[in-house]
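Peer 1: What follows is upload25.cif; its format and atoms are mmCIF, C-alpha atoms.
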data_entry
#
loop_
_atom_site.label_atom_id
_atom_site.label_comp_id
_atom_site.auth_asym_id
_atom_site.auth_seq_id
_atom_site.Cartn_x
_atom_site.Cartn_y
_atom_site.Cartn_z
CA MET A 1 -8.99 8.94 -15.41
CA ARG A 2 -11.27 5.92 -15.23
CA ALA A 3 -11.67 6.05 -19.03
CA ALA A 4 -7.90 5.89 -19.40
CA LEU A 5 -7.74 2.85 -17.11
CA ASP A 6 -10.58 1.19 -19.00
CA ALA A 7 -8.59 1.68 -22.21
CA SER A 8 -5.61 -0.09 -20.67
CA GLY A 9 -7.79 -2.99 -19.54
CA ALA A 10 -7.05 -2.26 -15.89
CA TRP A 11 -10.65 -2.11 -14.66
CA GLY A 12 -12.21 -4.50 -17.11
CA GLY A 13 -10.08 -7.60 -16.67
CA MET A 14 -12.22 -9.55 -19.17
CA ASN A 15 -9.46 -10.41 -21.65
CA ARG A 16 -6.33 -11.83 -20.06
CA PRO A 17 -3.26 -10.20 -21.67
CA PHE A 18 -0.11 -12.14 -22.46
CA LEU A 19 2.17 -12.31 -19.43
CA PRO A 20 5.95 -12.19 -19.66
CA PRO A 21 7.70 -15.26 -18.16
CA GLU A 22 8.61 -13.47 -14.92
CA ALA A 23 5.01 -12.36 -14.40
CA GLN A 24 3.70 -15.85 -15.18
CA ALA A 25 6.02 -17.29 -12.55
CA ALA A 26 4.93 -14.71 -10.02
CA ASP A 27 1.24 -15.31 -10.70
CA ALA A 28 1.11 -19.07 -11.09
CA ASP A 29 -1.30 -21.00 -8.87
CA SER A 30 1.32 -23.54 -7.93
CA PRO A 31 1.47 -26.11 -5.11
CA GLU A 32 4.16 -23.88 -3.58
CA ALA A 33 1.64 -21.04 -3.35
CA GLU A 34 -0.98 -23.33 -1.84
CA SER A 35 1.47 -24.47 0.86
CA HIS A 36 1.55 -21.00 2.40
CA PRO A 37 -0.94 -20.12 5.14
CA ARG A 38 -4.09 -18.23 4.25
CA TYR A 39 -4.60 -15.09 6.33
CA ARG A 40 -7.88 -13.60 7.51
CA ALA A 41 -6.90 -10.24 6.06
CA ILE A 42 -4.09 -8.41 4.27
CA PHE A 43 -3.70 -4.63 4.14
CA ILE A 44 -1.51 -2.95 1.50
CA SER A 45 -1.30 0.66 0.35
CA ASP A 46 0.71 3.17 -1.63
CA LEU A 47 1.45 0.98 -4.64
CA HIS A 48 1.52 4.02 -6.95
CA LEU A 49 0.61 2.09 -10.08
CA GLY A 50 1.53 4.23 -13.07
CA THR A 51 4.93 5.33 -11.77
CA PRO A 52 8.42 3.87 -12.35
CA GLY A 53 8.89 3.62 -8.58
CA PHE A 54 6.22 0.94 -8.06
CA GLN A 55 7.88 -2.42 -7.34
CA ALA A 56 5.34 -4.48 -9.26
CA ALA A 57 7.38 -7.70 -9.47
CA ALA A 58 7.87 -7.69 -5.69
CA LEU A 59 4.14 -7.24 -5.07
CA LEU A 60 3.22 -10.01 -7.52
CA ASP A 61 5.64 -12.30 -5.70
CA PHE A 62 4.16 -11.28 -2.34
CA LEU A 63 0.60 -11.95 -3.49
CA ARG A 64 1.64 -15.37 -4.79
CA HIS A 65 2.93 -16.28 -1.33
CA HIS A 66 0.16 -14.62 0.69
CA SER A 67 -3.54 -15.33 0.16
CA SER A 68 -6.34 -14.05 2.39
CA ASP A 69 -10.08 -14.00 2.94
CA SER A 70 -10.08 -10.19 2.75
CA LEU A 71 -7.70 -7.78 1.07
CA TYR A 72 -7.78 -4.05 1.82
CA LEU A 73 -6.22 -1.65 -0.70
CA VAL A 74 -5.63 1.33 1.60
CA GLY A 75 -5.20 4.15 -0.89
CA ASP A 76 -2.76 5.51 -3.47
CA ILE A 77 -3.10 2.29 -5.43
CA VAL A 78 -3.15 4.15 -8.77
CA ASP A 79 -1.10 7.36 -8.99
CA GLY A 80 -3.46 9.71 -10.81
CA TRP A 81 -1.21 12.69 -10.12
CA GLN A 82 1.66 11.21 -12.12
CA LEU A 83 -0.54 9.72 -14.85
CA ARG A 84 -2.02 13.15 -15.54
CA ARG A 85 1.48 14.42 -16.27
CA ARG A 86 2.66 11.49 -18.36
CA TRP A 87 1.32 8.04 -19.15
CA PHE A 88 3.35 5.16 -17.72
CA TRP A 89 1.71 1.74 -17.58
CA PRO A 90 4.02 -1.22 -18.33
CA GLN A 91 2.81 -4.80 -18.59
CA LEU A 92 3.73 -5.68 -15.00
CA HIS A 93 1.39 -2.95 -13.72
CA ASN A 94 -1.42 -4.49 -15.73
CA ASP A 95 -0.46 -7.89 -14.32
CA VAL A 96 -0.93 -6.58 -10.78
CA VAL A 97 -4.45 -5.37 -11.58
CA GLN A 98 -5.28 -8.68 -13.26
CA LYS A 99 -3.95 -10.56 -10.23
CA LEU A 100 -6.26 -8.56 -7.95
CA LEU A 101 -9.24 -9.20 -10.21
CA ARG A 102 -8.51 -12.93 -10.25
CA SER A 103 -8.28 -12.98 -6.46
CA ALA A 104 -11.70 -11.33 -6.28
CA ARG A 105 -13.15 -13.90 -8.68
CA LYS A 106 -11.75 -16.71 -6.50
CA GLY A 107 -13.63 -15.41 -3.47
CA CYS A 108 -11.27 -12.93 -1.82
CA ARG A 109 -13.20 -9.91 -0.53
CA ILE A 110 -11.32 -6.86 -1.82
CA VAL A 111 -12.04 -3.38 -0.49
CA PHE A 112 -10.46 -0.35 -2.17
CA VAL A 113 -10.19 2.74 0.05
CA PRO A 114 -8.92 5.53 -2.25
CA GLY A 115 -6.22 7.97 -1.19
CA ASN A 116 -5.19 11.40 -2.39
CA HIS A 117 -3.29 10.13 -5.45
CA ASP A 118 -6.31 8.13 -6.62
CA GLU A 119 -8.95 10.48 -5.24
CA PHE A 120 -10.81 10.23 -8.60
CA ALA A 121 -12.05 6.83 -7.37
CA ARG A 122 -13.89 8.44 -4.44
CA ALA A 123 -16.57 9.46 -6.91
CA PHE A 124 -17.38 5.74 -7.27
CA GLU A 125 -17.98 5.02 -3.59
CA GLY A 126 -20.39 2.12 -3.20
CA HIS A 127 -19.62 0.75 -6.66
CA SER A 128 -17.85 -2.49 -7.48
CA PHE A 129 -15.40 -3.05 -10.35
CA GLY A 130 -14.66 -6.70 -11.09
CA GLY A 131 -15.46 -7.60 -7.49
CA ILE A 132 -13.33 -4.80 -6.02
CA HIS A 133 -15.53 -2.67 -3.77
CA VAL A 134 -14.84 1.06 -3.47
CA GLN A 135 -15.32 2.64 -0.03
CA THR A 136 -13.99 5.95 1.32
CA GLU A 137 -13.28 4.19 4.63
CA ALA A 138 -13.95 0.80 6.19
CA VAL A 139 -14.08 -0.99 9.52
CA HIS A 140 -12.40 -4.38 9.90
CA THR A 141 -13.14 -6.59 12.91
CA THR A 142 -10.31 -8.93 13.85
CA ALA A 143 -10.81 -12.53 14.95
CA ASP A 144 -10.38 -11.45 18.58
CA GLY A 145 -13.02 -8.74 18.30
CA ARG A 146 -11.02 -5.55 17.78
CA ARG A 147 -12.53 -2.93 15.48
CA LEU A 148 -9.93 -1.41 13.16
CA TRP A 149 -10.76 1.77 11.26
CA VAL A 150 -9.32 1.51 7.74
CA VAL A 151 -8.55 4.86 6.08
CA HIS A 152 -5.78 6.12 3.81
CA GLY A 153 -4.96 9.06 6.08
CA ASP A 154 -4.55 12.01 3.74
CA TYR A 155 -7.36 13.88 5.53
CA PHE A 156 -4.96 14.22 8.47
CA ASP A 157 -2.23 15.76 6.33
CA GLY A 158 -2.34 19.55 6.69
CA VAL A 159 -0.33 20.05 3.51
CA ILE A 160 -2.82 18.03 1.46
CA GLN A 161 -5.82 19.81 2.95
CA CYS A 162 -4.52 23.38 3.13
CA ALA A 163 -1.80 23.76 0.48
CA LYS A 164 -2.31 21.22 -2.27
CA TRP A 165 0.12 23.04 -4.58
CA LEU A 166 2.82 22.32 -2.00
CA ALA A 167 1.79 18.66 -1.96
CA TYR A 168 2.19 18.52 -5.76
CA LEU A 169 5.63 20.13 -5.46
CA GLY A 170 6.60 17.63 -2.77
CA ASP A 171 5.39 14.79 -4.95
CA ASN A 172 7.62 15.94 -7.82
CA LEU A 173 10.60 16.21 -5.49
CA TYR A 174 9.86 12.76 -4.13
CA GLU A 175 9.78 11.33 -7.67
CA LEU A 176 13.16 12.96 -8.33
CA THR A 177 14.54 11.44 -5.13
CA LEU A 178 13.28 8.00 -6.19
CA LYS A 179 14.90 8.39 -9.60
CA LEU A 180 18.23 9.26 -8.01
CA ASN A 181 17.75 6.39 -5.59
CA ARG A 182 17.31 3.88 -8.44
CA HIS A 183 20.57 4.95 -10.06
CA LEU A 184 22.36 4.90 -6.71
CA ASN A 185 21.15 1.40 -5.87
CA ARG A 186 22.19 0.05 -9.26
CA LEU A 187 25.73 1.08 -8.34
CA ARG A 188 25.35 -0.38 -4.86
CA ALA A 189 24.12 -3.67 -6.36
CA ARG A 190 27.22 -3.87 -8.58
CA MET A 191 29.32 -3.39 -5.44
CA GLY A 192 27.43 -6.14 -3.64
CA LEU A 193 25.78 -3.71 -1.23
CA PRO A 194 22.14 -4.01 -0.06
CA TYR A 195 19.28 -1.69 -0.99
CA TRP A 196 19.43 1.72 0.69
CA SER A 197 16.66 4.34 0.73
CA LEU A 198 17.80 7.89 0.07
CA SER A 199 14.38 9.36 0.84
CA ALA A 200 14.13 7.50 4.15
CA TYR A 201 17.60 8.74 5.06
CA LEU A 202 16.66 12.33 4.27
CA LYS A 203 13.41 12.06 6.24
CA GLY A 204 15.30 10.68 9.19
CA LYS A 205 17.72 13.60 9.14
CA VAL A 206 15.10 16.33 8.94
CA LYS A 207 13.56 17.09 12.33
CA LYS A 208 10.45 18.66 10.81
CA ALA A 209 9.78 15.47 8.85
CA LEU A 210 9.94 13.42 12.05
CA ASN A 211 7.59 15.86 13.79
CA TYR A 212 5.21 15.62 10.81
CA VAL A 213 5.12 11.82 11.08
CA THR A 214 4.50 11.94 14.83
CA ASP A 215 1.73 14.52 14.46
CA PHE A 216 0.11 12.44 11.72
CA GLU A 217 0.19 9.24 13.77
CA ASN A 218 -1.23 10.95 16.85
CA ALA A 219 -4.01 12.63 14.85
CA VAL A 220 -5.11 9.41 13.16
CA ALA A 221 -5.08 7.48 16.44
CA ALA A 222 -7.05 10.23 18.20
CA GLU A 223 -9.76 10.16 15.52
CA ALA A 224 -10.00 6.37 15.76
CA ARG A 225 -10.49 6.71 19.51
CA ARG A 226 -13.14 9.40 19.01
CA ARG A 227 -15.06 7.07 16.68
CA GLY A 228 -15.01 4.26 19.24
CA HIS A 229 -12.58 1.93 17.46
CA GLN A 230 -9.75 -0.03 19.08
CA GLY A 231 -7.28 0.57 16.29
CA VAL A 232 -6.60 2.12 12.91
CA VAL A 233 -4.95 0.91 9.70
CA CYS A 234 -3.68 3.59 7.32
CA GLY A 235 -0.99 4.39 4.77
CA HIS A 236 -0.10 7.71 3.12
CA ILE A 237 3.23 8.54 4.79
CA HIS A 238 5.18 5.52 3.46
CA ARG A 239 6.33 4.57 6.94
CA ALA A 240 5.42 1.08 8.16
CA GLU A 241 4.67 1.11 11.88
CA MET A 242 2.66 -0.81 14.45
CA ARG A 243 2.40 0.48 18.00
CA GLU A 244 -0.04 1.64 20.64
CA ILE A 245 -0.79 5.36 20.94
CA ASP A 246 -2.73 6.21 24.09
CA GLY A 247 -4.47 2.83 24.09
CA ILE A 248 -5.20 2.80 20.34
CA LEU A 249 -3.44 0.31 18.08
CA TYR A 250 -1.88 2.35 15.26
CA CYS A 251 -0.94 0.33 12.16
CA ASN A 252 0.59 1.82 9.04
CA ASP A 253 1.07 -0.79 6.30
CA GLY A 254 3.87 1.14 4.58
CA ASP A 255 4.28 1.17 0.80
CA TRP A 256 5.38 -0.73 -2.32
CA VAL A 257 7.71 1.93 -3.67
CA GLU A 258 10.60 1.51 -1.25
CA SER A 259 9.85 -0.61 1.82
CA CYS A 260 7.59 -3.32 0.29
CA THR A 261 5.53 -3.87 3.42
CA ALA A 262 2.08 -5.19 4.27
CA LEU A 263 0.00 -5.73 7.38
CA VAL A 264 -1.43 -9.24 7.81
CA GLU A 265 -3.93 -10.70 10.25
CA HIS A 266 -3.55 -14.32 11.30
CA ARG A 267 -6.46 -16.65 11.98
CA ASP A 268 -6.32 -15.93 15.71
CA GLY A 269 -6.37 -12.15 15.24
CA ARG A 270 -2.64 -11.57 15.63
CA LEU A 271 -1.32 -8.74 13.46
CA GLU A 272 2.10 -8.59 11.84
CA LEU A 273 3.94 -6.23 9.54
CA VAL A 274 5.62 -8.18 6.75
CA HIS A 275 8.66 -6.71 4.99
CA TRP A 276 8.87 -8.63 1.72
CA HIS A 277 12.22 -9.32 0.07
CA GLY A 278 11.36 -11.62 -2.77
CA ASN A 279 11.73 -15.34 -2.20
CA ALA A 280 13.90 -14.76 0.83
CA LEU A 281 12.28 -15.20 4.23
CA PRO A 282 10.32 -12.06 5.07
CA ARG A 283 11.10 -9.92 8.10
CA VAL A 284 8.10 -9.58 10.38
CA SER A 285 7.44 -7.25 13.26
CA GLU A 286 6.62 -8.48 16.73
CA PRO A 287 3.05 -9.80 16.45
CA VAL A 288 0.37 -7.81 18.22
CA GLY A 289 -2.45 -9.98 19.48
CA GLN A 290 -3.58 -8.67 22.83
CA GLN A 291 -6.96 -7.04 23.26
CA VAL A 292 -6.77 -3.23 23.28
CA ALA A 293 -9.18 -1.47 25.57
CA ALA A 294 -11.75 0.76 23.91
#
When written as structure tokens, how does the structure in this file appear?

Peer 2:
Amino acid sequence: MRAALDASGAWGGMNRPFLPPEAQAADADSPEAESHPRYRAIFISDLHLGTPGFQAAALLDFLRHHSSDSLYLVGDIVDGWQLRRRWFWPQLHNDVVQKLLRSARKGCRIVFVPGNHDEFARAFEGHSFGGIHVQTEAVHTTADGRRLWVVHGDYFDGVIQCAKWLAYLGDNLYELTLKLNRHLNRLRARMGLPYWSLSAYLKGKVKKALNYVTDFENAVAAEARRRGHQGVVCGHIHRAEMREIDGILYCNDGDWVESCTALVEHRDGRLELVHWHGNALPRVSEPVGQQVAA
């Protein structure tokens, strides 16, 4: 898999490819970009580079408006499962990788914590590619002293661990749902209606799916507590959330397939979930800044 990415120029980043106008606009180091605040840290996950569902233009726009000292890529950044079935790597996906490499060159500390879809990268733990450091997990300390365990979260998914064939089947069904969703939202856009997520609707209607999410959140929070951390940042389930679970701050930074969400840390240690909608003002969750007891 790494050889395939090398061939596309994704890991190397030495020769800057030609950018289409929309990508140039999204990536420009303009005074407008400099006017935005610089965060201590940004956490993003579940980009699924290599799939049609990845909203690359939205992420490029988000990164133009949000710079940080540290950037955590919390798993499923590259979708190795889909790329093994068929190669899909348009220019905008390459632009995202190049944007990350440029951020690293400019001094942003970037940590890549692989997930189940890019588990091939776990073999390179401790290595650095263009300034992007690969770690199976990480610990981030906020400005107000809280230790946040950073992990993708697939180890707490019983389906992934015990019935991987079922996970592959679910992944194919999810891709089909996303394809239907794209067609549906094209029609909704023509009718002047906002974006609507079919997969989120189906998950919300299925009780077992809700129980799965709750079990996942509780399991991740419990492990963070066992390890002596005050909080956890994860991805995997494509459900942005920030709340306390038995005294542990649980943060899920969502995804860039449907919700386009990220977790950001302000200079004073406050944490917010940002829901990015292009150049429109982003929706943010209620900031969480209080100290959580260990």

Peer 1: I need the residue set behind the PyMOL selection byres ((chain A and resi 109) around 10) for this file; please write it as a tab-separated table (two decimals) with C-alpha atoms, in the frame of the given file.

Peer 2:
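After the write, result.tsv holds the following:
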chain	number	residue	atom	x	y	z
A	41	ALA	CA	-6.90	-10.24	6.06
A	68	SER	CA	-6.34	-14.05	2.39
A	69	ASP	CA	-10.08	-14.00	2.94
A	70	SER	CA	-10.08	-10.19	2.75
A	71	LEU	CA	-7.70	-7.78	1.07
A	72	TYR	CA	-7.78	-4.05	1.82
A	103	SER	CA	-8.28	-12.98	-6.46
A	104	ALA	CA	-11.70	-11.33	-6.28
A	105	ARG	CA	-13.15	-13.90	-8.68
A	106	LYS	CA	-11.75	-16.71	-6.50
A	107	GLY	CA	-13.63	-15.41	-3.47
A	108	CYS	CA	-11.27	-12.93	-1.82
A	110	ILE	CA	-11.32	-6.86	-1.82
A	111	VAL	CA	-12.04	-3.38	-0.49
A	131	GLY	CA	-15.46	-7.60	-7.49
A	132	ILE	CA	-13.33	-4.80	-6.02
A	133	HIS	CA	-15.53	-2.67	-3.77

Peer 1: Just how far from atom CA of A:Asp144 is atom CA of A:His238, in Å to one decimal?

Peer 2: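 Atom CA of A:Asp144 lies at a distance of 27.5 Å from atom CA of A:His238.
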
Peer 1: Report, in Å with one decimal, the straight-line distance from atom CA of A:Arg84 to atom CA of A:His152.

Peer 2: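 Going from atom CA of A:Arg84 over to atom CA of A:His152 covers 20.9 Å.
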
Peer 1: Once you count only C-alpha atoms, what closest atom pair and distance in Å to one decimal does each residue of stretch 214-255 of chain A within 10 Å of stretch 42-46 of chain A have, with rows by chain and rising residue number, as a tab-separated table?

Peer 2:
residue	atom	partner	partner_atom	distance
A:Val233	CA	A:Phe43	CA	7.9
A:Cys234	CA	A:Ser45	CA	7.9
A:Gly235	CA	A:Ser45	CA	5.8
A:His236	CA	A:Asp46	CA	6.6
A:Ile237	CA	A:Asp46	CA	8.7
A:His238	CA	A:Asp46	CA	7.2
A:Cys251	CA	A:Phe43	CA	9.8
A:Asn252	CA	A:Ser45	CA	9.0
A:Asp253	CA	A:Ile44	CA	5.9
A:Gly254	CA	A:Ser45	CA	6.7
A:Asp255	CA	A:Asp46	CA	4.8

Peer 1: Which residue, A:Asn218, A:Gln55, A:Gln82, A:Thr142, has the smallest gap to A:Asp246 when you use only C-alpha atoms?

Peer 2: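 With only C-alpha atoms as the atom set, the closest residue is A:Asn218.
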
Peer 1: Could you check which residues have any atom within 8 Å of (0.8, 10.9, 9.5), counting all atoms listed in the file with coordinates taken straight from the file, and then list them as a PyMOL selection string?

Peer 2: chain A and resi 153-154+156-157+212-220+236-237

Peer 1: I'd like to see the residues matched by the PyMOL selection byres ((chain A and resi 119) around 12) on this file, and ideally I'd get them as an MDAnalysis selection string.

Peer 2: chainID A and resid 1:2 74:81 112:118 120:125 134:136 152 154:155 160

Peer 1: Would you please work out which residue, of A:Arg227, A:His93, A:Arg38, A:His275, is nearest to A:Leu148 when using all atoms listed in the file?

Peer 2: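 Answer, going by the shortest atom-to-atom distance: A:Arg227.
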
Peer 1: With the file shown as input, list the residues that the PyMOL selection byres ((chain A and resi 224) around 10) selects, as a PyMOL selection string.

Peer 2: chain A and resi 147-151+218-223+225-233+248-250

Peer 1: What gap, in Å, lies between atom CA of A:Gln91 and atom CA of A:Ala56?

Peer 2: 9.7 Å

Peer 1: Pick out the closest residue to A:Met242 from this set: A:Leu273, A:Val257, A:Val264, A:Leu193. Count all atoms listed in the file.

Peer 2: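 Closest residue, counting all atoms listed in the file: A:Leu273.
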
Peer 1: Write out as AutoDock Vina command-line options an axis-aligned box for stretch 258-268 of chain A: all of its atoms listed in the file, 3 Å added on each side, centre and edge lengths in Å with one decimal.

Peer 2:
--center_x 2.1 --center_y -7.6 --center_z 7.2 --size_x 23.1 --size_y 24.2 --size_z 23.0
